[in-house]
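Taking it in order: structure first as structure tokens, then the write-up.
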Amino acid sequence: MTFTILEQILAQISFFILFFVTFIYWGKFIYINEKKLNIFGKIGMITSFIILTIFLLLRWIISKHFPLSNLYESSMFLSWSLTLIHSILEIKSKNSWLSLITAPSAMLAHGFATLGLSKTMQQSIPLVPALQSHWLMMHVTTMLISYSTLLCGSLLAITLQIVAATRHKNFPITYNAKLFFDYSLDPKLKNSEIYDESQKTLYFINFRKWKIIDELDNYSYRLISFGFPLLTIGILSGAVWANESWGSYWNWDPKETWALITWLVFAAYLHTRMIKGWRTKQSAIIASLGFFIIWICYLGVNLVGKGLHSYGWLL
């Protein structure tokens, strides 16, 4: 009983920390640009990551099996994965604006688990026979980490499209050739409207947008490139586990089918990037589609209540 209460306390504390961290990052973005807020955000995300780690370990001790046996535990693990990705991105990129995407994602995944699911679904129960296997940790862990990574990459692609849709018709540009004009060639141009301040501002804004789009495209590609092999490993390990449990590597279960669709979507994204050399809008459209496909695979199939993955049903 004591461990169960501690588990609930840890879950509530981590959720409120994620909520306030999200509030800090978005408040900083909209209202005030204060660097000190970044420090509070970093400390908050690291603290929530540690608390979620303790929560999962405690859940593991109580249930005596790896905490990925139901929708509640998988959602909490998804939130844990997103806080980990957030911390890595913030260290690698040193751009706090990426936190506008990763922090809310971790909070929403956590909120769905703690506020969206009933208390009955949050309880730890003994593993069903199909889950009593050493493949549980291998398969489900890789699948959820791949989901979290691909979700972040897809969200960056969606953000890229939003930023690109608001750009000026002459955007993108890499430089303003007029700024390199030599005045000594024609002194009369010193008072020309070419160097009007409003035009300089316009070129600066366009350059900033081009830089943000390039960074979004770069990090989106990196995340998806990392998540896709994990998804592949997860599907292959799931096939081996299915053969041990159900006597067949592939049964066209709804979960299996949508996992394959997810794999094909992101395979098409990587193919267009590496073979076709697509950039920005074209590849971002495919990655954005992958965002919705992942949620159908992870959560939407559970609403149907049919198939061999019965432990994840909502109904």
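Every chain in the structure tokens has a letter given in the order shown (A, B, ...), and although residue numbers restart at 1 in each chain, ligands are simply numbered from 1 in the order shown.
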Near-Ile5 of chain A list (12 Å; only C-alpha atoms; drop same-chain fewer than 6 positions) as a ChimeraX atom specification: /A:11-12,55,58-59,62,123
If you keep N, CA and C atoms, can you produce a file of those selected residues as a JSON list (two decimals), in the first residue's frame?
[["chain", "number", "residue", "atom", "x", "y", "z"],
["A", 11, "ALA", "N", 3.69, 10.13, -9.81],
["A", 11, "ALA", "CA", 3.00, 10.40, -11.06],
["A", 11, "ALA", "C", 2.40, 11.80, -11.07],
["A", 12, "GLN", "N", 1.79, 12.22, -9.97],
["A", 12, "GLN", "CA", 1.18, 13.54, -9.90],
["A", 12, "GLN", "C", 2.23, 14.65, -9.92],
["A", 55, "PHE", "N", 9.52, 6.32, -10.90],
["A", 55, "PHE", "CA", 8.16, 5.78, -10.99],
["A", 55, "PHE", "C", 8.15, 4.44, -11.71],
["A", 58, "LEU", "N", 9.85, 1.76, -9.62],
["A", 58, "LEU", "CA", 8.97, 1.37, -8.52],
["A", 58, "LEU", "C", 7.83, 0.49, -9.02],
["A", 59, "ARG", "N", 7.28, 0.84, -10.16],
["A", 59, "ARG", "CA", 6.23, 0.03, -10.78],
["A", 59, "ARG", "C", 6.77, -1.37, -11.11],
["A", 62, "ILE", "N", 7.00, -3.36, -7.85],
["A", 62, "ILE", "CA", 5.68, -3.75, -7.32],
["A", 62, "ILE", "C", 5.07, -4.87, -8.15],
["A", 123, "GLN", "N", -4.23, 0.40, -12.61],
["A", 123, "GLN", "CA", -3.76, -0.59, -11.66],
["A", 123, "GLN", "C", -2.84, -1.60, -12.33]]
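Contact shell of Trp250 of chain A at 12 Å (only C-alpha atoms; same-chain neighbours under 3 positions omitted): Ile235, Leu236, Ser237, Gly238, Ala239, Val240, Trp241, Ala242, Asn243, Glu244, Ser245, Trp246, Gly247, Asp253, Pro254, Lys255, Glu256, Thr257, Ala259, Leu260 and Leu308 of chain A.
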Distance query segment 147-162 of chain A at most 8 Å, only C-alpha atoms, self and fewer than 4 positions along chain excluded, as a ChimeraX atom specification: /A:78,81-82,85,101-102,143,166,213,216-217,219-224,226-228,231,280-281,284-285,287-291,294
Take the residues just selected and output them with N, CA and C atoms as a PDB file, in the first residue's frame.
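The resulting selection.pdb:
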ATOM      1  N   LEU A  78       6.058   6.294 -22.640  1.00  0.00           N
ATOM      2  CA  LEU A  78       6.141   7.214 -23.775  1.00  0.00           C
ATOM      3  C   LEU A  78       6.494   8.615 -23.306  1.00  0.00           C
ATOM      4  N   SER A  81      10.116   8.677 -22.400  1.00  0.00           N
ATOM      5  CA  SER A  81      10.947   8.720 -23.605  1.00  0.00           C
ATOM      6  C   SER A  81      10.999  10.127 -24.181  1.00  0.00           C
ATOM      7  N   LEU A  82       9.873  10.825 -24.156  1.00  0.00           N
ATOM      8  CA  LEU A  82       9.822  12.185 -24.700  1.00  0.00           C
ATOM      9  C   LEU A  82      10.639  13.159 -23.851  1.00  0.00           C
ATOM     10  N   ILE A  85      14.228  12.503 -24.889  1.00  0.00           N
ATOM     11  CA  ILE A  85      14.515  13.118 -26.186  1.00  0.00           C
ATOM     12  C   ILE A  85      14.633  14.633 -26.049  1.00  0.00           C
ATOM     13  N   ILE A 101       7.917  22.133 -28.604  1.00  0.00           N
ATOM     14  CA  ILE A 101       7.293  20.952 -29.196  1.00  0.00           C
ATOM     15  C   ILE A 101       7.423  19.744 -28.289  1.00  0.00           C
ATOM     16  N   THR A 102       8.634  19.521 -27.765  1.00  0.00           N
ATOM     17  CA  THR A 102       8.882  18.314 -26.980  1.00  0.00           C
ATOM     18  C   THR A 102       8.240  18.354 -25.592  1.00  0.00           C
ATOM     19  N   MET A 143       9.633  -0.426 -29.640  1.00  0.00           N
ATOM     20  CA  MET A 143       8.496   0.157 -30.341  1.00  0.00           C
ATOM     21  C   MET A 143       8.127   1.524 -29.766  1.00  0.00           C
ATOM     22  N   THR A 166       3.930  30.777 -43.787  1.00  0.00           N
ATOM     23  CA  THR A 166       3.821  32.203 -43.453  1.00  0.00           C
ATOM     24  C   THR A 166       4.949  33.022 -44.052  1.00  0.00           C
ATOM     25  N   ILE A 213      13.571  27.072 -40.703  1.00  0.00           N
ATOM     26  CA  ILE A 213      13.079  25.973 -41.536  1.00  0.00           C
ATOM     27  C   ILE A 213      14.179  24.954 -41.789  1.00  0.00           C
ATOM     28  N   LEU A 216      14.674  22.993 -38.545  1.00  0.00           N
ATOM     29  CA  LEU A 216      13.556  22.068 -38.344  1.00  0.00           C
ATOM     30  C   LEU A 216      13.676  20.862 -39.266  1.00  0.00           C
ATOM     31  N   ASP A 217      14.019  21.125 -40.515  1.00  0.00           N
ATOM     32  CA  ASP A 217      14.173  20.042 -41.479  1.00  0.00           C
ATOM     33  C   ASP A 217      15.320  19.115 -41.083  1.00  0.00           C
ATOM     34  N   TYR A 219      16.690  18.581 -37.965  1.00  0.00           N
ATOM     35  CA  TYR A 219      16.414  17.792 -36.771  1.00  0.00           C
ATOM     36  C   TYR A 219      15.283  16.785 -36.994  1.00  0.00           C
ATOM     37  N   SER A 220      14.331  17.139 -37.826  1.00  0.00           N
ATOM     38  CA  SER A 220      13.269  16.197 -38.167  1.00  0.00           C
ATOM     39  C   SER A 220      13.850  14.977 -38.872  1.00  0.00           C
ATOM     40  N   TYR A 221      14.745  15.219 -39.812  1.00  0.00           N
ATOM     41  CA  TYR A 221      15.387  14.123 -40.556  1.00  0.00           C
ATOM     42  C   TYR A 221      16.244  13.262 -39.630  1.00  0.00           C
ATOM     43  N   ARG A 222      16.967  13.884 -38.720  1.00  0.00           N
ATOM     44  CA  ARG A 222      17.816  13.133 -37.790  1.00  0.00           C
ATOM     45  C   ARG A 222      16.985  12.245 -36.860  1.00  0.00           C
ATOM     46  N   LEU A 223      15.909  12.797 -36.331  1.00  0.00           N
ATOM     47  CA  LEU A 223      15.074  12.027 -35.413  1.00  0.00           C
ATOM     48  C   LEU A 223      14.414  10.851 -36.124  1.00  0.00           C
ATOM     49  N   ILE A 224      13.884  11.100 -37.307  1.00  0.00           N
ATOM     50  CA  ILE A 224      13.229  10.014 -38.045  1.00  0.00           C
ATOM     51  C   ILE A 224      14.255   8.970 -38.480  1.00  0.00           C
ATOM     52  N   PHE A 226      16.807   8.120 -36.829  1.00  0.00           N
ATOM     53  CA  PHE A 226      17.117   7.331 -35.635  1.00  0.00           C
ATOM     54  C   PHE A 226      15.945   6.429 -35.247  1.00  0.00           C
ATOM     55  N   GLY A 227      14.730   6.936 -35.375  1.00  0.00           N
ATOM     56  CA  GLY A 227      13.559   6.169 -34.952  1.00  0.00           C
ATOM     57  C   GLY A 227      13.184   5.040 -35.897  1.00  0.00           C
ATOM     58  N   PHE A 228      13.481   5.209 -37.192  1.00  0.00           N
ATOM     59  CA  PHE A 228      13.090   4.187 -38.173  1.00  0.00           C
ATOM     60  C   PHE A 228      13.780   2.840 -37.940  1.00  0.00           C
ATOM     61  N   LEU A 231      12.061   1.194 -35.069  1.00  0.00           N
ATOM     62  CA  LEU A 231      10.766   0.660 -35.477  1.00  0.00           C
ATOM     63  C   LEU A 231      10.941  -0.667 -36.207  1.00  0.00           C
ATOM     64  N   THR A 280      12.491  20.085 -47.481  1.00  0.00           N
ATOM     65  CA  THR A 280      11.436  20.904 -46.879  1.00  0.00           C
ATOM     66  C   THR A 280      10.029  20.394 -47.134  1.00  0.00           C
ATOM     67  N   LYS A 281       9.270  21.093 -47.991  1.00  0.00           N
ATOM     68  CA  LYS A 281       7.833  20.857 -48.075  1.00  0.00           C
ATOM     69  C   LYS A 281       7.474  19.448 -48.509  1.00  0.00           C
ATOM     70  N   ALA A 284       8.376  16.948 -45.797  1.00  0.00           N
ATOM     71  CA  ALA A 284       7.651  17.291 -44.566  1.00  0.00           C
ATOM     72  C   ALA A 284       6.203  16.815 -44.636  1.00  0.00           C
ATOM     73  N   ILE A 285       5.625  16.799 -45.820  1.00  0.00           N
ATOM     74  CA  ILE A 285       4.246  16.313 -45.978  1.00  0.00           C
ATOM     75  C   ILE A 285       4.158  14.836 -45.607  1.00  0.00           C
ATOM     76  N   ALA A 287       6.299  13.150 -43.668  1.00  0.00           N
ATOM     77  CA  ALA A 287       6.566  13.026 -42.234  1.00  0.00           C
ATOM     78  C   ALA A 287       5.347  13.441 -41.412  1.00  0.00           C
ATOM     79  N   SER A 288       4.636  14.472 -41.852  1.00  0.00           N
ATOM     80  CA  SER A 288       3.427  14.913 -41.142  1.00  0.00           C
ATOM     81  C   SER A 288       2.350  13.842 -41.177  1.00  0.00           C
ATOM     82  N   LEU A 289       2.224  13.161 -42.310  1.00  0.00           N
ATOM     83  CA  LEU A 289       1.285  12.048 -42.408  1.00  0.00           C
ATOM     84  C   LEU A 289       1.646  10.947 -41.409  1.00  0.00           C
ATOM     85  N   GLY A 290       2.943  10.727 -41.228  1.00  0.00           N
ATOM     86  CA  GLY A 290       3.394   9.710 -40.279  1.00  0.00           C
ATOM     87  C   GLY A 290       2.959  10.000 -38.862  1.00  0.00           C
ATOM     88  N   PHE A 291       2.820  11.280 -38.499  1.00  0.00           N
ATOM     89  CA  PHE A 291       2.379  11.637 -37.149  1.00  0.00           C
ATOM     90  C   PHE A 291       1.008  11.049 -36.843  1.00  0.00           C
ATOM     91  N   ILE A 294       1.032   7.101 -36.703  1.00  0.00           N
ATOM     92  CA  ILE A 294       1.545   6.559 -35.435  1.00  0.00           C
ATOM     93  C   ILE A 294       0.459   6.532 -34.379  1.00  0.00           C
TER      94      ILE A 294
END
12 Å contact set for Ile46 of chain A, only C-alpha atoms, chain neighbours under 5 positions out, as a VMD selection string: chain A and resid 14 17 to 18 21 39 to 41 51 to 53 80 82 to 88 90 to 91 103
Can you write out the residues you just picked, keeping N, CA and C atoms, as a compact mmCIF listing (two decimals), in the first residue's frame?
# COMPACT_ATOMS: atom_id res chain seq x y z
N SER A 14 5.31 14.54 -11.19
CA SER A 14 5.93 14.64 -12.51
C SER A 14 5.00 15.32 -13.51
N ILE A 17 5.02 19.10 -12.82
CA ILE A 17 6.29 19.68 -13.25
C ILE A 17 6.29 19.86 -14.76
N LEU A 18 5.84 18.84 -15.50
CA LEU A 18 5.76 18.94 -16.96
C LEU A 18 4.80 20.04 -17.39
N VAL A 21 6.60 23.37 -16.74
CA VAL A 21 7.69 23.54 -17.69
C VAL A 21 7.14 23.95 -19.06
N ILE A 39 16.74 28.09 -17.74
CA ILE A 39 17.37 27.31 -16.67
C ILE A 39 16.30 26.58 -15.88
N PHE A 40 15.21 27.29 -15.54
CA PHE A 40 14.11 26.64 -14.82
C PHE A 40 13.49 25.53 -15.65
N GLY A 41 13.38 25.76 -16.97
CA GLY A 41 12.83 24.74 -17.85
C GLY A 41 13.70 23.50 -17.89
N ILE A 51 12.07 11.68 -11.89
CA ILE A 51 10.89 11.21 -11.16
C ILE A 51 10.19 10.10 -11.93
N LEU A 52 10.06 10.28 -13.25
CA LEU A 52 9.43 9.24 -14.08
C LEU A 52 10.27 7.96 -14.09
N THR A 53 11.59 8.11 -14.05
CA THR A 53 12.45 6.93 -13.98
C THR A 53 12.22 6.17 -12.68
N TRP A 80 8.09 9.33 -20.54
CA TRP A 80 9.49 9.24 -20.11
C TRP A 80 10.44 9.35 -21.31
N LEU A 82 9.87 10.82 -24.16
CA LEU A 82 9.82 12.19 -24.70
C LEU A 82 10.64 13.16 -23.85
N THR A 83 10.63 12.97 -22.52
CA THR A 83 11.48 13.83 -21.67
C THR A 83 12.96 13.56 -21.94
N LEU A 84 13.30 12.31 -22.22
CA LEU A 84 14.68 11.97 -22.56
C LEU A 84 15.09 12.61 -23.89
N ILE A 85 14.23 12.50 -24.89
CA ILE A 85 14.51 13.12 -26.19
C ILE A 85 14.63 14.63 -26.05
N HIS A 86 13.76 15.22 -25.25
CA HIS A 86 13.80 16.66 -24.99
C HIS A 86 15.16 17.07 -24.45
N SER A 87 15.64 16.35 -23.44
CA SER A 87 16.91 16.69 -22.81
C SER A 87 18.07 16.57 -23.80
N ILE A 88 18.06 15.51 -24.60
CA ILE A 88 19.12 15.31 -25.58
C ILE A 88 19.11 16.41 -26.63
N GLU A 90 17.91 19.43 -26.37
CA GLU A 90 18.26 20.72 -25.79
C GLU A 90 19.77 20.85 -25.60
N ILE A 91 20.42 19.73 -25.29
CA ILE A 91 21.87 19.75 -25.12
C ILE A 91 22.58 19.85 -26.48
N ALA A 103 8.28 19.51 -24.93
CA ALA A 103 7.71 19.61 -23.57
C ALA A 103 6.20 19.36 -23.55
Per-residue DSSP, segment 63-111 of chain A, filtered to helix (DSSP H, G or I), as a PyMOL selection string: chain A and resi 63+71-93+96-111
Just to be explicit: take each residue in the selection above, keep N, CA and C atoms, and write the result as a short mmCIF file (atom, residue, chain, number, x, y, z; two decimals), in the first residue's frame.
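Below you can see selection04.cif, which holds the result:
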data_model
loop_
_atom_site.label_atom_id
_atom_site.label_comp_id
_atom_site.auth_asym_id
_atom_site.auth_seq_id
_atom_site.Cartn_x
_atom_site.Cartn_y
_atom_site.Cartn_z
N SER A 63 5.09 -4.72 -9.46
CA SER A 63 4.45 -5.70 -10.34
C SER A 63 5.32 -6.93 -10.63
N LEU A 71 -1.97 -0.09 -21.27
CA LEU A 71 -1.95 1.22 -21.92
C LEU A 71 -1.43 2.31 -20.99
N TYR A 72 -1.75 2.21 -19.70
CA TYR A 72 -1.29 3.21 -18.74
C TYR A 72 0.22 3.21 -18.64
N GLU A 73 0.79 2.04 -18.47
CA GLU A 73 2.24 1.94 -18.33
C GLU A 73 2.96 2.34 -19.61
N SER A 74 2.41 1.97 -20.75
CA SER A 74 3.05 2.33 -22.02
C SER A 74 2.99 3.84 -22.26
N SER A 75 1.90 4.48 -21.83
CA SER A 75 1.78 5.94 -21.98
C SER A 75 2.78 6.66 -21.07
N MET A 76 2.94 6.15 -19.85
CA MET A 76 3.93 6.73 -18.95
C MET A 76 5.35 6.54 -19.49
N PHE A 77 5.60 5.38 -20.08
CA PHE A 77 6.90 5.13 -20.68
C PHE A 77 7.12 6.04 -21.89
N LEU A 78 6.06 6.29 -22.64
CA LEU A 78 6.14 7.21 -23.78
C LEU A 78 6.49 8.61 -23.31
N SER A 79 5.88 9.05 -22.20
CA SER A 79 6.19 10.36 -21.63
C SER A 79 7.64 10.41 -21.16
N TRP A 80 8.09 9.33 -20.54
CA TRP A 80 9.49 9.24 -20.11
C TRP A 80 10.44 9.35 -21.31
N SER A 81 10.12 8.68 -22.40
CA SER A 81 10.95 8.72 -23.61
C SER A 81 11.00 10.13 -24.18
N LEU A 82 9.87 10.82 -24.16
CA LEU A 82 9.82 12.19 -24.70
C LEU A 82 10.64 13.16 -23.85
N THR A 83 10.63 12.97 -22.52
CA THR A 83 11.48 13.83 -21.67
C THR A 83 12.96 13.56 -21.94
N LEU A 84 13.30 12.31 -22.22
CA LEU A 84 14.68 11.97 -22.56
C LEU A 84 15.09 12.61 -23.89
N ILE A 85 14.23 12.50 -24.89
CA ILE A 85 14.51 13.12 -26.19
C ILE A 85 14.63 14.63 -26.05
N HIS A 86 13.76 15.22 -25.25
CA HIS A 86 13.80 16.66 -24.99
C HIS A 86 15.16 17.07 -24.45
N SER A 87 15.64 16.35 -23.44
CA SER A 87 16.91 16.69 -22.81
C SER A 87 18.07 16.57 -23.80
N ILE A 88 18.06 15.51 -24.60
CA ILE A 88 19.12 15.31 -25.58
C ILE A 88 19.11 16.41 -26.63
N LEU A 89 17.92 16.75 -27.14
CA LEU A 89 17.81 17.80 -28.16
C LEU A 89 18.26 19.15 -27.61
N GLU A 90 17.91 19.43 -26.37
CA GLU A 90 18.26 20.72 -25.79
C GLU A 90 19.77 20.85 -25.60
N ILE A 91 20.42 19.73 -25.29
CA ILE A 91 21.87 19.75 -25.12
C ILE A 91 22.58 19.85 -26.48
N LYS A 92 22.10 19.06 -27.44
CA LYS A 92 22.74 19.01 -28.75
C LYS A 92 22.51 20.28 -29.56
N SER A 93 21.27 20.75 -29.59
CA SER A 93 20.94 21.88 -30.45
C SER A 93 21.19 23.23 -29.80
N SER A 96 16.33 26.63 -27.46
CA SER A 96 15.23 26.42 -26.53
C SER A 96 13.88 26.32 -27.24
N TRP A 97 13.79 26.79 -28.50
CA TRP A 97 12.50 26.77 -29.19
C TRP A 97 12.06 25.36 -29.53
N LEU A 98 12.99 24.40 -29.56
CA LEU A 98 12.58 23.01 -29.76
C LEU A 98 11.75 22.49 -28.59
N SER A 99 11.95 23.11 -27.43
CA SER A 99 11.19 22.72 -26.23
C SER A 99 9.71 23.05 -26.36
N LEU A 100 9.37 23.98 -27.26
CA LEU A 100 7.96 24.30 -27.49
C LEU A 100 7.20 23.10 -28.04
N ILE A 101 7.92 22.13 -28.60
CA ILE A 101 7.29 20.95 -29.20
C ILE A 101 7.42 19.74 -28.29
N THR A 102 8.63 19.52 -27.76
CA THR A 102 8.88 18.31 -26.98
C THR A 102 8.24 18.35 -25.59
N ALA A 103 8.28 19.51 -24.93
CA ALA A 103 7.71 19.61 -23.57
C ALA A 103 6.20 19.36 -23.55
N PRO A 104 5.41 20.01 -24.43
CA PRO A 104 3.98 19.70 -24.46
C PRO A 104 3.68 18.25 -24.82
N SER A 105 4.51 17.65 -25.69
CA SER A 105 4.29 16.26 -26.07
C SER A 105 4.42 15.34 -24.87
N ALA A 106 5.46 15.56 -24.07
CA ALA A 106 5.66 14.75 -22.86
C ALA A 106 4.52 14.97 -21.87
N MET A 107 4.08 16.23 -21.74
CA MET A 107 2.99 16.53 -20.81
C MET A 107 1.68 15.89 -21.24
N LEU A 108 1.36 15.95 -22.54
CA LEU A 108 0.10 15.40 -23.03
C LEU A 108 0.07 13.88 -22.92
N ALA A 109 1.20 13.22 -23.20
CA ALA A 109 1.26 11.76 -23.04
C ALA A 109 1.06 11.38 -21.58
N HIS A 110 1.68 12.14 -20.69
CA HIS A 110 1.53 11.91 -19.25
C HIS A 110 0.09 12.20 -18.82
N GLY A 111 -0.47 13.30 -19.30
CA GLY A 111 -1.83 13.67 -18.93
C GLY A 111 -2.86 12.65 -19.39
#
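Take atom CA of Leu6 of chain A and atom CA of Val128 of chain A: the distance between them is 25.6 Å.
One finds atom CA of Leu56 of chain A at 21.5 Å from atom CA of Phe20 of chain A.
Atom CA of Tyr298 of chain A is positioned 20.0 Å from atom CA of Tyr249 of chain A.
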